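Raw contents of my_file-v8.txt, compact mmCIF, C-alpha atoms and all ligand atoms:
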# COMPACT_ATOMS: atom_id res chain seq x y z
CA MET T 1 89.16 160.01 56.30
CA SER T 2 86.30 161.69 58.13
CA LYS T 3 84.15 159.46 60.29
CA ARG T 4 81.04 161.18 58.98
CA LEU T 5 81.64 159.97 55.45
CA GLY T 6 79.80 156.73 54.76
CA LEU T 7 81.59 153.68 53.37
CA PRO T 8 80.34 154.11 49.79
CA ALA T 9 81.57 157.73 49.72
CA GLN T 10 84.95 156.68 51.13
CA MET T 11 85.23 153.96 48.52
CA GLY T 12 84.31 156.41 45.77
CA ILE T 13 87.08 158.73 46.94
CA GLY T 14 89.53 155.80 47.10
CA MET T 15 88.64 154.84 43.56
CA VAL T 16 88.97 158.35 42.09
CA LEU T 17 92.23 158.98 43.94
CA GLY T 18 93.50 155.60 42.71
CA VAL T 19 92.77 156.53 39.09
CA ILE T 20 94.45 159.95 39.46
CA VAL T 21 97.53 158.67 41.26
CA GLY T 22 97.80 155.65 38.94
CA ALA T 23 97.61 157.89 35.86
CA MET T 24 100.28 160.22 37.26
CA ALA T 25 102.55 157.42 38.47
CA PRO T 26 104.63 156.92 35.30
CA SER T 27 105.33 160.64 34.91
CA ILE T 28 106.53 161.00 38.49
CA SER T 29 108.50 157.73 38.32
CA ILE T 30 106.41 155.81 40.79
CA ASP T 31 106.42 152.10 40.11
CA ALA T 32 103.00 150.43 39.73
CA SER T 33 104.14 147.66 42.05
CA TRP T 34 104.11 150.09 44.99
CA PHE T 35 100.32 150.02 45.00
CA LYS T 36 100.01 146.28 44.65
CA PRO T 37 100.33 145.28 48.34
CA LEU T 38 97.53 147.69 49.31
CA GLY T 39 95.14 145.98 46.92
CA ASP T 40 96.43 142.46 47.57
CA LEU T 41 95.86 142.87 51.30
CA PHE T 42 92.24 143.75 50.64
CA ILE T 43 91.73 140.73 48.37
CA THR T 44 93.28 138.46 51.00
CA LEU T 45 90.98 139.90 53.66
CA VAL T 46 87.95 139.23 51.45
CA ARG T 47 89.10 135.70 50.72
CA MET T 48 89.60 135.19 54.45
CA VAL T 49 85.96 135.98 55.20
CA VAL T 50 84.26 134.42 52.20
CA VAL T 51 84.22 130.74 53.24
CA PRO T 52 83.02 131.15 56.85
CA LEU T 53 80.66 133.95 55.82
CA VAL T 54 78.94 132.00 53.05
CA PHE T 55 78.89 128.77 55.06
CA THR T 56 77.39 130.18 58.25
CA THR T 57 74.92 132.54 56.58
CA LEU T 58 73.76 129.80 54.25
CA VAL T 59 73.34 127.18 57.01
CA ALA T 60 71.43 129.69 59.14
CA GLY T 61 69.49 130.91 56.11
CA ALA T 62 68.46 127.44 54.94
CA ALA T 63 67.54 126.40 58.48
CA SER T 64 65.55 129.58 59.17
CA VAL T 65 63.02 128.82 56.45
CA CYS T 66 60.48 127.37 58.85
CA ASP T 67 59.36 124.11 57.32
CA VAL T 68 60.92 121.78 54.83
CA LYS T 69 58.16 122.26 52.25
CA GLU T 70 58.68 126.00 52.39
CA LEU T 71 62.44 125.59 52.02
CA GLY T 72 61.91 123.38 48.96
CA ARG T 73 59.60 125.99 47.45
CA VAL T 74 61.92 128.92 48.14
CA ALA T 75 64.91 126.96 46.82
CA THR T 76 63.07 125.96 43.63
CA LYS T 77 61.86 129.50 42.88
CA THR T 78 65.30 130.91 43.64
CA LEU T 79 67.11 128.39 41.43
CA VAL T 80 64.65 128.81 38.55
CA TYR T 81 65.14 132.60 38.78
CA TYR T 82 68.93 132.17 38.83
CA LEU T 83 68.99 129.85 35.83
CA LEU T 84 66.60 131.93 33.74
CA THR T 85 68.23 135.28 34.43
CA THR T 86 71.74 133.92 33.88
CA THR T 87 70.70 132.35 30.58
CA VAL T 88 69.11 135.63 29.47
CA ALA T 89 72.33 137.39 30.51
CA VAL T 90 74.55 135.27 28.21
CA ILE T 91 72.05 135.66 25.39
CA ILE T 92 72.06 139.46 25.79
CA GLY T 93 75.88 139.40 25.73
CA LEU T 94 75.93 137.20 22.63
CA ILE T 95 73.34 139.24 20.73
CA LEU T 96 75.07 142.56 21.39
CA ALA T 97 78.51 141.14 20.56
CA ASN T 98 77.15 139.67 17.31
CA LEU T 99 75.60 143.00 16.39
CA ILE T 100 78.42 145.34 17.40
CA ARG T 101 81.29 142.95 16.63
CA PRO T 102 83.88 144.30 19.09
CA GLY T 103 86.76 142.22 17.73
CA LEU T 104 86.26 142.96 14.03
CA GLY T 105 89.27 144.34 12.25
CA LEU T 106 91.30 144.32 15.41
CA THR T 107 94.96 143.73 14.78
CA LEU T 108 96.51 143.22 18.14
CA SER T 109 100.09 142.27 18.53
CA MET T 110 100.18 138.78 19.93
CA GLU T 111 103.79 139.19 20.93
CA ASN T 112 104.61 139.20 24.61
CA LEU T 113 101.27 137.71 25.49
CA ALA T 114 101.84 135.29 28.29
CA VAL T 115 99.56 132.30 28.07
CA LYS T 116 97.92 131.70 31.43
CA ASP T 117 98.70 128.29 32.71
CA VAL T 118 95.13 127.22 33.14
CA SER T 119 93.10 124.52 31.49
CA ALA T 120 89.49 123.62 31.90
CA PRO T 121 88.41 120.34 33.46
CA PRO T 122 85.89 118.19 31.53
CA LEU T 123 82.25 119.08 32.07
CA ILE T 124 81.23 115.84 33.78
CA LYS T 125 84.02 116.31 36.32
CA VAL T 126 82.82 119.83 37.08
CA LEU T 127 79.35 118.48 37.85
CA MET T 128 80.55 115.49 39.88
CA ASP T 129 82.87 117.74 41.87
CA ILE T 130 79.96 119.63 43.39
CA VAL T 131 79.63 116.86 45.95
CA PRO T 132 82.51 117.04 48.43
CA LEU T 133 84.31 113.90 49.46
CA ASN T 134 85.12 115.62 52.71
CA PRO T 135 83.28 118.82 53.72
CA ILE T 136 86.12 119.98 55.96
CA ASP T 137 88.51 119.68 53.03
CA ALA T 138 86.07 121.69 50.89
CA LEU T 139 85.97 124.41 53.56
CA ALA T 140 89.73 124.39 53.92
CA LYS T 141 90.32 124.64 50.18
CA GLY T 142 87.56 127.21 49.68
CA ASN T 143 85.79 125.11 47.07
CA MET T 144 82.64 127.21 47.04
CA LEU T 145 80.29 124.89 45.17
CA GLN T 146 81.12 122.06 47.56
CA VAL T 147 80.77 124.39 50.54
CA ILE T 148 77.35 125.50 49.30
CA PHE T 149 76.21 121.93 48.66
CA PHE T 150 77.10 120.86 52.18
CA ALA T 151 75.78 124.05 53.81
CA ILE T 152 72.35 123.64 52.20
CA LEU T 153 72.19 119.97 53.14
CA PHE T 154 73.20 120.83 56.69
CA GLY T 155 70.67 123.67 56.95
CA PHE T 156 68.00 121.47 55.42
CA ALA T 157 68.64 118.76 58.03
CA LEU T 158 68.58 121.36 60.81
CA SER T 159 65.24 122.59 59.58
CA MET T 160 63.85 119.02 59.48
CA LEU T 161 64.99 118.30 63.03
CA GLY T 162 62.84 121.02 64.59
CA GLU T 163 63.39 121.39 68.34
CA LYS T 164 66.26 118.90 68.40
CA GLY T 165 68.25 121.00 65.94
CA ARG T 166 67.54 124.24 67.81
CA PRO T 167 70.89 124.50 69.67
CA ALA T 168 72.84 124.01 66.44
CA PHE T 169 70.64 126.56 64.70
CA VAL T 170 71.20 129.14 67.45
CA PHE T 171 74.94 128.48 67.19
CA PHE T 172 75.14 128.92 63.40
CA ASP T 173 72.78 131.88 63.45
CA SER T 174 75.03 133.58 65.95
CA CYS T 175 78.17 132.65 63.96
CA ALA T 176 76.53 134.15 60.86
CA GLU T 177 75.98 137.42 62.75
CA VAL T 178 79.60 137.34 63.88
CA MET T 179 80.81 136.81 60.31
CA ILE T 180 78.67 139.69 59.08
CA LYS T 181 80.32 141.85 61.75
CA VAL T 182 83.79 140.58 60.76
CA THR T 183 83.02 141.52 57.13
CA GLY T 184 81.98 144.97 58.32
CA ILE T 185 85.35 145.39 60.08
CA VAL T 186 87.25 144.18 57.00
CA MET T 187 85.30 146.60 54.83
CA ARG T 188 86.69 149.54 56.79
CA TYR T 189 89.94 148.86 54.98
CA ALA T 190 88.15 148.71 51.61
CA PRO T 191 88.68 152.40 50.63
CA ILE T 192 92.47 151.96 50.89
CA GLY T 193 92.29 148.57 49.18
CA VAL T 194 90.25 150.04 46.34
CA PHE T 195 92.74 152.90 46.02
CA GLY T 196 95.58 150.36 45.71
CA LEU T 197 93.73 148.20 43.19
CA MET T 198 92.77 151.13 40.97
CA ALA T 199 96.16 152.82 41.15
CA PHE T 200 97.90 149.55 40.24
CA THR T 201 95.57 148.82 37.33
CA VAL T 202 95.81 152.31 35.85
CA ALA T 203 99.56 152.66 36.40
CA ASN T 204 100.22 149.21 35.04
CA HIS T 205 98.02 149.24 31.97
CA GLY T 206 97.23 152.86 31.22
CA LEU T 207 95.19 154.05 28.28
CA SER T 208 97.28 152.28 25.65
CA VAL T 209 95.79 148.95 26.72
CA LEU T 210 92.30 150.31 26.96
CA LEU T 211 92.02 151.99 23.57
CA PRO T 212 92.15 148.99 21.19
CA LEU T 213 89.73 147.16 23.45
CA ILE T 214 87.39 150.06 24.08
CA LYS T 215 84.69 148.53 21.88
CA LEU T 216 84.82 145.32 23.90
CA VAL T 217 84.43 147.26 27.15
CA ALA T 218 81.60 149.32 25.66
CA VAL T 219 79.70 146.19 24.55
CA MET T 220 80.10 144.74 28.03
CA TYR T 221 78.73 147.86 29.74
CA LEU T 222 75.89 148.13 27.23
CA ALA T 223 74.92 144.50 27.80
CA CYS T 224 74.91 145.08 31.57
CA LEU T 225 72.66 148.09 31.12
CA LEU T 226 70.30 146.00 28.99
CA GLN T 227 70.22 143.29 31.65
CA ILE T 228 69.12 145.91 34.18
CA LEU T 229 66.46 147.31 31.87
CA VAL T 230 64.95 144.10 30.54
CA VAL T 231 65.42 141.78 33.52
CA TYR T 232 65.94 143.49 36.87
CA LEU T 233 63.68 146.52 36.62
CA PRO T 234 60.69 144.43 35.45
CA CYS T 235 61.36 141.94 38.28
CA ALA T 236 61.59 144.82 40.77
CA HIS T 237 58.30 146.09 39.39
CA VAL T 238 56.69 142.70 40.04
CA ALA T 239 58.15 142.87 43.54
CA GLY T 240 56.34 146.20 43.93
CA LEU T 241 59.38 148.50 43.80
CA LYS T 242 59.78 151.61 41.69
CA PRO T 243 63.10 151.76 39.77
CA GLY T 244 64.33 154.70 41.86
CA THR T 245 63.49 153.08 45.21
CA PHE T 246 65.00 149.79 44.07
CA LEU T 247 68.33 151.19 42.84
CA LYS T 248 68.68 153.75 45.64
CA GLY T 249 67.99 151.10 48.25
CA LEU T 250 70.79 148.97 46.80
CA SER T 251 73.28 151.77 46.23
CA GLU T 252 75.65 150.66 48.99
CA PRO T 253 76.19 147.05 47.83
CA LEU T 254 76.36 148.28 44.22
CA ILE T 255 79.11 150.80 45.01
CA ILE T 256 80.98 148.17 47.02
CA SER T 257 80.80 145.66 44.19
CA PHE T 258 81.73 148.20 41.50
CA SER T 259 84.77 149.45 43.37
CA THR T 260 86.04 146.18 44.87
CA CYS T 261 85.12 143.79 42.01
CA SER T 262 84.10 141.30 44.68
CA SER T 263 80.58 139.99 45.27
CA ALA T 264 81.79 138.43 48.50
CA ALA T 265 82.78 141.87 49.81
CA ALA T 266 79.26 143.11 49.07
CA LEU T 267 77.45 140.09 50.56
CA SER T 268 76.54 141.43 53.98
CA SER T 269 75.65 144.88 52.69
CA ASN T 270 73.46 143.30 50.02
CA LEU T 271 71.69 141.15 52.62
CA LEU T 272 70.92 144.12 54.87
CA SER T 273 69.88 146.33 51.95
CA VAL T 274 67.34 143.88 50.48
CA GLN T 275 65.87 143.37 53.93
CA LYS T 276 65.52 147.15 54.31
CA LEU T 277 63.77 147.18 50.94
CA GLY T 278 61.30 144.67 52.37
CA ALA T 279 62.63 141.24 51.33
CA SER T 280 61.70 138.61 53.90
CA LYS T 281 64.48 137.64 56.31
CA SER T 282 64.13 133.91 55.70
CA VAL T 283 64.14 134.15 51.90
CA SER T 284 66.99 136.66 51.69
CA SER T 285 69.21 134.95 54.24
CA PHE T 286 68.95 131.82 52.13
CA SER T 287 69.12 133.29 48.63
CA ILE T 288 71.68 136.08 49.05
CA PRO T 289 74.57 133.89 50.30
CA LEU T 290 73.60 131.20 47.80
CA GLY T 291 73.42 133.62 44.88
CA ASN T 292 76.66 135.26 45.91
CA THR T 293 78.55 132.38 44.38
CA ILE T 294 76.19 130.59 42.04
CA ASN T 295 74.22 133.46 40.51
CA MET T 296 76.59 135.51 38.41
CA ASP T 297 74.72 137.19 35.59
CA GLY T 298 77.48 139.71 35.00
CA ALA T 299 80.05 136.94 34.62
CA ALA T 300 77.71 135.17 32.18
CA ILE T 301 77.31 138.32 30.05
CA TYR T 302 81.07 138.72 30.04
CA MET T 303 81.65 135.15 28.87
CA GLY T 304 79.24 135.58 25.96
CA VAL T 305 80.77 138.89 24.89
CA ALA T 306 84.37 137.71 25.34
CA ALA T 307 83.79 134.48 23.41
CA ILE T 308 82.50 136.32 20.35
CA PHE T 309 85.26 138.91 20.66
CA ALA T 310 88.04 136.33 20.89
CA ALA T 311 86.57 134.23 18.07
CA GLU T 312 86.56 137.30 15.82
CA VAL T 313 90.13 138.26 16.68
CA TYR T 314 91.32 134.75 15.88
CA GLY T 315 89.05 134.39 12.84
CA ILE T 316 87.20 131.42 14.32
CA PRO T 317 83.68 130.99 12.91
CA MET T 318 80.91 130.93 15.52
CA PRO T 319 77.86 129.24 13.97
CA ILE T 320 74.67 128.98 15.98
CA ASP T 321 75.45 125.53 17.46
CA LYS T 322 78.71 126.85 18.86
CA GLN T 323 76.92 129.83 20.31
CA LEU T 324 74.43 127.47 21.99
CA THR T 325 77.40 125.68 23.54
CA VAL T 326 78.65 129.06 24.74
CA ILE T 327 75.28 129.66 26.45
CA LEU T 328 75.37 126.33 28.27
CA LEU T 329 79.02 126.57 29.25
CA ALA T 330 78.82 130.21 30.30
CA VAL T 331 75.91 129.43 32.63
CA LEU T 332 77.90 126.59 34.20
CA ALA T 333 81.15 128.55 34.37
CA SER T 334 79.43 131.52 35.98
CA ILE T 335 77.92 129.20 38.60
CA GLY T 336 81.41 127.96 39.39
CA SER T 337 82.98 131.43 39.66
CA MET T 338 83.91 132.68 43.11
CA GLY T 339 82.95 136.17 44.26
CA VAL T 340 86.46 137.56 44.08
CA PRO T 341 88.17 139.83 41.52
CA GLY T 342 89.07 138.21 38.23
CA ALA T 343 87.28 134.92 38.94
CA ALA T 344 85.42 134.86 35.63
CA LEU T 345 88.64 135.42 33.70
CA ILE T 346 89.83 132.04 34.97
CA MET T 347 86.49 130.28 34.57
CA ILE T 348 86.16 131.47 30.98
CA THR T 349 88.72 128.81 30.02
CA MET T 350 85.82 126.34 30.32
CA VAL T 351 83.98 128.17 27.55
CA PHE T 352 87.01 128.82 25.36
CA THR T 353 88.28 125.24 25.34
CA GLN T 354 84.86 123.80 24.48
CA VAL T 355 84.43 126.03 21.42
CA GLY T 356 88.04 125.85 20.29
CA ILE T 357 89.21 129.36 21.14
CA PRO T 358 92.92 129.42 22.02
CA LEU T 359 93.62 130.21 25.65
CA GLU T 360 96.01 132.99 24.58
CA ALA T 361 92.80 135.00 24.19
CA ILE T 362 92.70 135.28 27.96
CA ALA T 363 95.93 137.23 27.99
CA LEU T 364 94.44 139.40 25.28
CA ILE T 365 91.51 140.54 27.39
CA ALA T 366 93.31 140.47 30.74
CA GLY T 367 94.48 144.06 30.33
CA VAL T 368 90.94 145.40 30.53
CA ASP T 369 89.59 142.70 32.81
CA ARG T 370 89.41 144.92 35.86
CA ILE T 371 87.25 147.49 34.05
CA MET T 372 84.91 144.76 32.84
CA ASP T 373 84.99 143.10 36.27
CA MET T 374 83.60 146.30 37.81
CA ALA T 375 80.50 146.05 35.62
CA ARG T 376 80.03 142.32 35.92
CA THR T 377 80.41 142.24 39.70
CA THR T 378 77.81 145.00 40.02
CA ILE T 379 75.44 142.96 37.87
CA ASN T 380 76.26 139.78 39.82
CA VAL T 381 75.24 141.50 43.05
CA LEU T 382 72.21 143.26 41.61
CA GLY T 383 70.97 139.93 40.24
CA ASP T 384 71.09 138.37 43.72
CA ALA T 385 69.26 141.31 45.27
CA THR T 386 66.56 141.24 42.59
CA GLY T 387 66.09 137.50 43.11
CA ALA T 388 65.67 137.89 46.87
CA LEU T 389 63.09 140.66 46.44
CA LEU T 390 61.16 138.80 43.75
CA VAL T 391 61.07 135.45 45.55
CA SER T 392 60.06 137.24 48.78
CA LYS T 393 57.16 138.82 46.94
CA LEU T 394 56.15 135.51 45.33
CA GLU T 395 56.33 133.77 48.72
CA ASN T 396 54.86 136.36 51.04
CA GLY T 397 52.69 138.49 48.82
CA GLY T 398 52.78 141.97 50.21
CA ASN T 399 55.98 141.74 52.23
CA VAL T 400 58.02 143.90 49.88
CA LYS T 401 57.67 147.65 50.36
CA ALA T 402 56.14 149.75 47.63
N1 LIG I 1 84.53 139.57 40.39
C1 LIG I 1 83.30 138.87 40.22
C2 LIG I 1 82.52 138.82 41.51
O1 LIG I 1 83.08 138.92 42.56
C3 LIG I 1 83.48 137.50 39.71
C4 LIG I 1 83.88 137.61 38.28
O2 LIG I 1 82.96 137.79 37.46
O3 LIG I 1 85.06 137.59 38.00
O4 LIG I 1 81.33 138.67 41.46
In structure tokens, how does this file's structure come out?
Ligand code: ASP
Amino acid sequence: MSKRLGLPAQMGIGMVLGVIVGAMAPSISIDASWFKPLGDLFITLVRMVVVPLVFTTLVAGAASVCDVKELGRVATKTLVYYLLTTTVAVIIGLILANLIRPGLGLTLSMENLAVKDVSAPPLIKVLMDIVPLNPIDALAKGNMLQVIFFAILFGFALSMLGEKGRPAFVFFDSCAEVMIKVTGIVMRYAPIGVFGLMAFTVANHGLSVLLPLIKLVAVMYLACLLQILVVYLPCAHVAGLKPGTFLKGLSEPLIISFSTCSSAAALSSNLLSVQKLGASKSVSSFSIPLGNTINMDGAAIYMGVAAIFAAEVYGIPMPIDKQLTVILLAVLASIGSMGVPGAALIMITMVFTQVGIPLEAIALIAGVDRIMDMARTTINVLGDATGALLVSKLENGGNVKA
């Protein structure tokens, strides 16, 4: 591929080629499994960088907010923004799914549906598990909530120590730069990885899987569009950015997230893009790595839409109290989702078990999960970027470019 083509263009080409080759594969007797290693290698590379990338950028980010009071303020504003926007996201998903009813009248064959061997842990355990017994174990196992908890505490302590913590700060700041560079190197493989992932998905599932679930996919995309219109664009406006400037400035991380279905893959690009748009370095280097795992508006929308869809298919009534439970659980489950492809499909078990939806429903939607993952990952990443720009504006007044 030509050196002059930027990464987003290369990834776009990889994606289109993947769809074409995947669609042609059955007719020219190419097995879908041929493409799988190309995509799997990319996912492994992303998973390789995610723990050290989030840990180092978050430690450096938390520690770079000059004083402890400021860090507390930035953290509070960021968390309030995350909670509010994620809650709105589930509500948008629920409202649209209730109105459009994507599962109504659907008669899907339940034969051959493999039940995923996953079950949700009780809620209290999920909350208690945020605190790691051993931070090294959390890092080794890639338990992102535990990693984040420890990274913020560590960064917070560094910030409190002032001069004494300086050497450690310089070390982590430099490691964060190194990890951003490592991610950049890994991303050079992304166009091929994206080609493999798309070709495998299309060759494996084809249109026959998509058609019965097209309404579900449409509701998901519509809900994502609404989230942009009613949440992100107004926030960008408050941050002093015109819609065009805002979306154009974020085009690279958005294309990366759409094509890779991984927020983690888009982390460093998102960080650099919001800073170019004028977000302050200290706010964004704290909130972007934090939001990368805990702020997943797209995953929240998906959980709302999928819960209503599955309940309809199985004829399970969803009165308002159950839908309120969905809101609460979807917010929590989205916080716990990792920034890798298909993460929300696993975390949705938390929602389904609480409201009595059989877990077979997961196999039902798995066929179109990749297509929905593209939308939700894009929204996950856009939500983080919007938060960084808004909190920067609230903190520093005129720091964000017009
Ligand atoms: N793929 C999503 C992400 O990386 C997570 C998910 O919603 O499954 O943000």
Closest pair table for stretch 154-252 of chain T residues within 7 Å of stretch 373-388 of chain T, all atoms listed in the file, as a tab-separated table:
residue	atom	partner	partner_atom	distance
T:Tyr221	CA	T:Ala375	CA	6.4
T:Cys224	CA	T:Ile379	CA	6.7
T:Tyr232	CA	T:Thr386	CA	6.2
T:Cys235	CA	T:Thr386	CA	6.8
T:Ala236	CA	T:Thr386	CA	6.4
Within 8 Å of ligand LIG 1 (chain I) (only C-alpha atoms and all ligand atoms), residues as a PDB file with C-alpha atoms, in the coordinates of the input:
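Ended up saving to part.pdb:
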ATOM      1  CA  SER T 257      80.800 145.660  44.190  1.00  0.00           C
ATOM      2  CA  CYS T 261      85.120 143.790  42.010  1.00  0.00           C
ATOM      3  CA  SER T 262      84.100 141.300  44.680  1.00  0.00           C
ATOM      4  CA  SER T 263      80.580 139.990  45.270  1.00  0.00           C
ATOM      5  CA  ALA T 264      81.790 138.430  48.500  1.00  0.00           C
ATOM      6  CA  ALA T 265      82.780 141.870  49.810  1.00  0.00           C
ATOM      7  CA  ASN T 292      76.660 135.260  45.910  1.00  0.00           C
ATOM      8  CA  THR T 293      78.550 132.380  44.380  1.00  0.00           C
ATOM      9  CA  MET T 296      76.590 135.510  38.410  1.00  0.00           C
ATOM     10  CA  GLY T 298      77.480 139.710  35.000  1.00  0.00           C
ATOM     11  CA  ALA T 299      80.050 136.940  34.620  1.00  0.00           C
ATOM     12  CA  ALA T 300      77.710 135.170  32.180  1.00  0.00           C
ATOM     13  CA  TYR T 302      81.070 138.720  30.040  1.00  0.00           C
ATOM     14  CA  SER T 334      79.430 131.520  35.980  1.00  0.00           C
ATOM     15  CA  SER T 337      82.980 131.430  39.660  1.00  0.00           C
ATOM     16  CA  MET T 338      83.910 132.680  43.110  1.00  0.00           C
ATOM     17  CA  GLY T 339      82.950 136.170  44.260  1.00  0.00           C
ATOM     18  CA  VAL T 340      86.460 137.560  44.080  1.00  0.00           C
ATOM     19  CA  PRO T 341      88.170 139.830  41.520  1.00  0.00           C
ATOM     20  CA  GLY T 342      89.070 138.210  38.230  1.00  0.00           C
ATOM     21  CA  ALA T 343      87.280 134.920  38.940  1.00  0.00           C
ATOM     22  CA  ALA T 344      85.420 134.860  35.630  1.00  0.00           C
ATOM     23  CA  LEU T 345      88.640 135.420  33.700  1.00  0.00           C
ATOM     24  CA  ILE T 346      89.830 132.040  34.970  1.00  0.00           C
ATOM     25  CA  ASP T 373      84.990 143.100  36.270  1.00  0.00           C
ATOM     26  CA  MET T 374      83.600 146.300  37.810  1.00  0.00           C
ATOM     27  CA  ARG T 376      80.030 142.320  35.920  1.00  0.00           C
ATOM     28  CA  THR T 377      80.410 142.240  39.700  1.00  0.00           C
ATOM     29  CA  THR T 378      77.810 145.000  40.020  1.00  0.00           C
ATOM     30  CA  ASN T 380      76.260 139.780  39.820  1.00  0.00           C
ATOM     31  CA  VAL T 381      75.240 141.500  43.050  1.00  0.00           C
TER      32      VAL T 381
END
What are the nearest atom pairs, with distances in Å to one decimal, for all residues of stretch 142-238 of chain T that come at most 12 Å from stretch 36-57 of chain T, using all atoms listed in the file, set out by chain and rising residue number as JSON lines?
{"residue": "T:Gly142", "atom": "CA", "partner": "T:Val51", "partner_atom": "CA", "distance": 6.0}
{"residue": "T:Asn143", "atom": "CA", "partner": "T:Val51", "partner_atom": "CA", "distance": 8.5}
{"residue": "T:Met144", "atom": "CA", "partner": "T:Val51", "partner_atom": "CA", "distance": 7.3}
{"residue": "T:Leu145", "atom": "CA", "partner": "T:Val54", "partner_atom": "CA", "distance": 10.7}
{"residue": "T:Gln146", "atom": "CA", "partner": "T:Phe55", "partner_atom": "CA", "distance": 10.3}
{"residue": "T:Val147", "atom": "CA", "partner": "T:Phe55", "partner_atom": "CA", "distance": 6.6}
{"residue": "T:Ile148", "atom": "CA", "partner": "T:Phe55", "partner_atom": "CA", "distance": 6.8}
{"residue": "T:Phe149", "atom": "CA", "partner": "T:Phe55", "partner_atom": "CA", "distance": 9.7}
{"residue": "T:Phe150", "atom": "CA", "partner": "T:Phe55", "partner_atom": "CA", "distance": 8.6}
{"residue": "T:Ala151", "atom": "CA", "partner": "T:Phe55", "partner_atom": "CA", "distance": 5.8}
{"residue": "T:Ile152", "atom": "CA", "partner": "T:Phe55", "partner_atom": "CA", "distance": 8.8}
{"residue": "T:Leu153", "atom": "CA", "partner": "T:Phe55", "partner_atom": "CA", "distance": 11.2}
{"residue": "T:Phe154", "atom": "CA", "partner": "T:Phe55", "partner_atom": "CA", "distance": 9.9}
{"residue": "T:Gly155", "atom": "CA", "partner": "T:Thr56", "partner_atom": "CA", "distance": 9.4}
{"residue": "T:Ala168", "atom": "CA", "partner": "T:Thr56", "partner_atom": "CA", "distance": 11.2}
{"residue": "T:Phe169", "atom": "CA", "partner": "T:Thr56", "partner_atom": "CA", "distance": 10.0}
{"residue": "T:Val170", "atom": "CA", "partner": "T:Thr56", "partner_atom": "CA", "distance": 11.1}
{"residue": "T:Phe171", "atom": "CA", "partner": "T:Thr56", "partner_atom": "CA", "distance": 9.4}
{"residue": "T:Phe172", "atom": "CA", "partner": "T:Thr56", "partner_atom": "CA", "distance": 5.8}
{"residue": "T:Asp173", "atom": "CA", "partner": "T:Thr56", "partner_atom": "CA", "distance": 7.2}
{"residue": "T:Ser174", "atom": "CA", "partner": "T:Thr56", "partner_atom": "CA", "distance": 8.7}
{"residue": "T:Cys175", "atom": "CA", "partner": "T:Thr56", "partner_atom": "CA", "distance": 6.3}
{"residue": "T:Ala176", "atom": "CA", "partner": "T:Thr56", "partner_atom": "CA", "distance": 4.8}
{"residue": "T:Glu177", "atom": "CA", "partner": "T:Thr57", "partner_atom": "CA", "distance": 7.9}
{"residue": "T:Val178", "atom": "CA", "partner": "T:Leu53", "partner_atom": "CA", "distance": 8.8}
{"residue": "T:Met179", "atom": "CA", "partner": "T:Leu53", "partner_atom": "CA", "distance": 5.3}
{"residue": "T:Ile180", "atom": "CA", "partner": "T:Leu53", "partner_atom": "CA", "distance": 6.9}
{"residue": "T:Lys181", "atom": "CA", "partner": "T:Leu53", "partner_atom": "CA", "distance": 9.9}
{"residue": "T:Val182", "atom": "CA", "partner": "T:Val49", "partner_atom": "CA", "distance": 7.5}
{"residue": "T:Thr183", "atom": "CA", "partner": "T:Val49", "partner_atom": "CA", "distance": 6.6}
{"residue": "T:Gly184", "atom": "CA", "partner": "T:Val49", "partner_atom": "CA", "distance": 10.3}
{"residue": "T:Ile185", "atom": "CA", "partner": "T:Leu45", "partner_atom": "CA", "distance": 10.2}
{"residue": "T:Val186", "atom": "CA", "partner": "T:Leu45", "partner_atom": "CA", "distance": 6.6}
{"residue": "T:Met187", "atom": "CA", "partner": "T:Val46", "partner_atom": "CA", "distance": 8.5}
{"residue": "T:Arg188", "atom": "CA", "partner": "T:Phe42", "partner_atom": "CA", "distance": 10.1}
{"residue": "T:Tyr189", "atom": "CA", "partner": "T:Phe42", "partner_atom": "CA", "distance": 7.1}
{"residue": "T:Ala190", "atom": "CA", "partner": "T:Phe42", "partner_atom": "CA", "distance": 6.5}
{"residue": "T:Pro191", "atom": "CA", "partner": "T:Phe42", "partner_atom": "CA", "distance": 9.4}
{"residue": "T:Ile192", "atom": "CA", "partner": "T:Leu38", "partner_atom": "CA", "distance": 6.8}
{"residue": "T:Gly193", "atom": "CA", "partner": "T:Gly39", "partner_atom": "CA", "distance": 4.5}
{"residue": "T:Val194", "atom": "CA", "partner": "T:Gly39", "partner_atom": "CA", "distance": 6.4}
{"residue": "T:Phe195", "atom": "CA", "partner": "T:Gly39", "partner_atom": "CA", "distance": 7.4}
{"residue": "T:Gly196", "atom": "CA", "partner": "T:Gly39", "partner_atom": "CA", "distance": 4.6}
{"residue": "T:Leu197", "atom": "CA", "partner": "T:Gly39", "partner_atom": "CA", "distance": 4.6}
{"residue": "T:Met198", "atom": "CA", "partner": "T:Gly39", "partner_atom": "CA", "distance": 8.2}
{"residue": "T:Ala199", "atom": "CA", "partner": "T:Lys36", "partner_atom": "CA", "distance": 8.4}
{"residue": "T:Phe200", "atom": "CA", "partner": "T:Lys36", "partner_atom": "CA", "distance": 5.9}
{"residue": "T:Thr201", "atom": "CA", "partner": "T:Lys36", "partner_atom": "CA", "distance": 8.9}
{"residue": "T:Val202", "atom": "CA", "partner": "T:Lys36", "partner_atom": "CA", "distance": 11.5}
{"residue": "T:Ala203", "atom": "CA", "partner": "T:Lys36", "partner_atom": "CA", "distance": 10.4}
{"residue": "T:Asn204", "atom": "CA", "partner": "T:Lys36", "partner_atom": "CA", "distance": 10.0}
Out of T:Gly103, T:Gly162, T:Pro122, T:Pro212, which residue has the shortest atom-to-atom distance to T:Val313 when counting all atoms listed in the file?
->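 Ranked by minimum distance to T:Val313, first place goes to T:Gly103.
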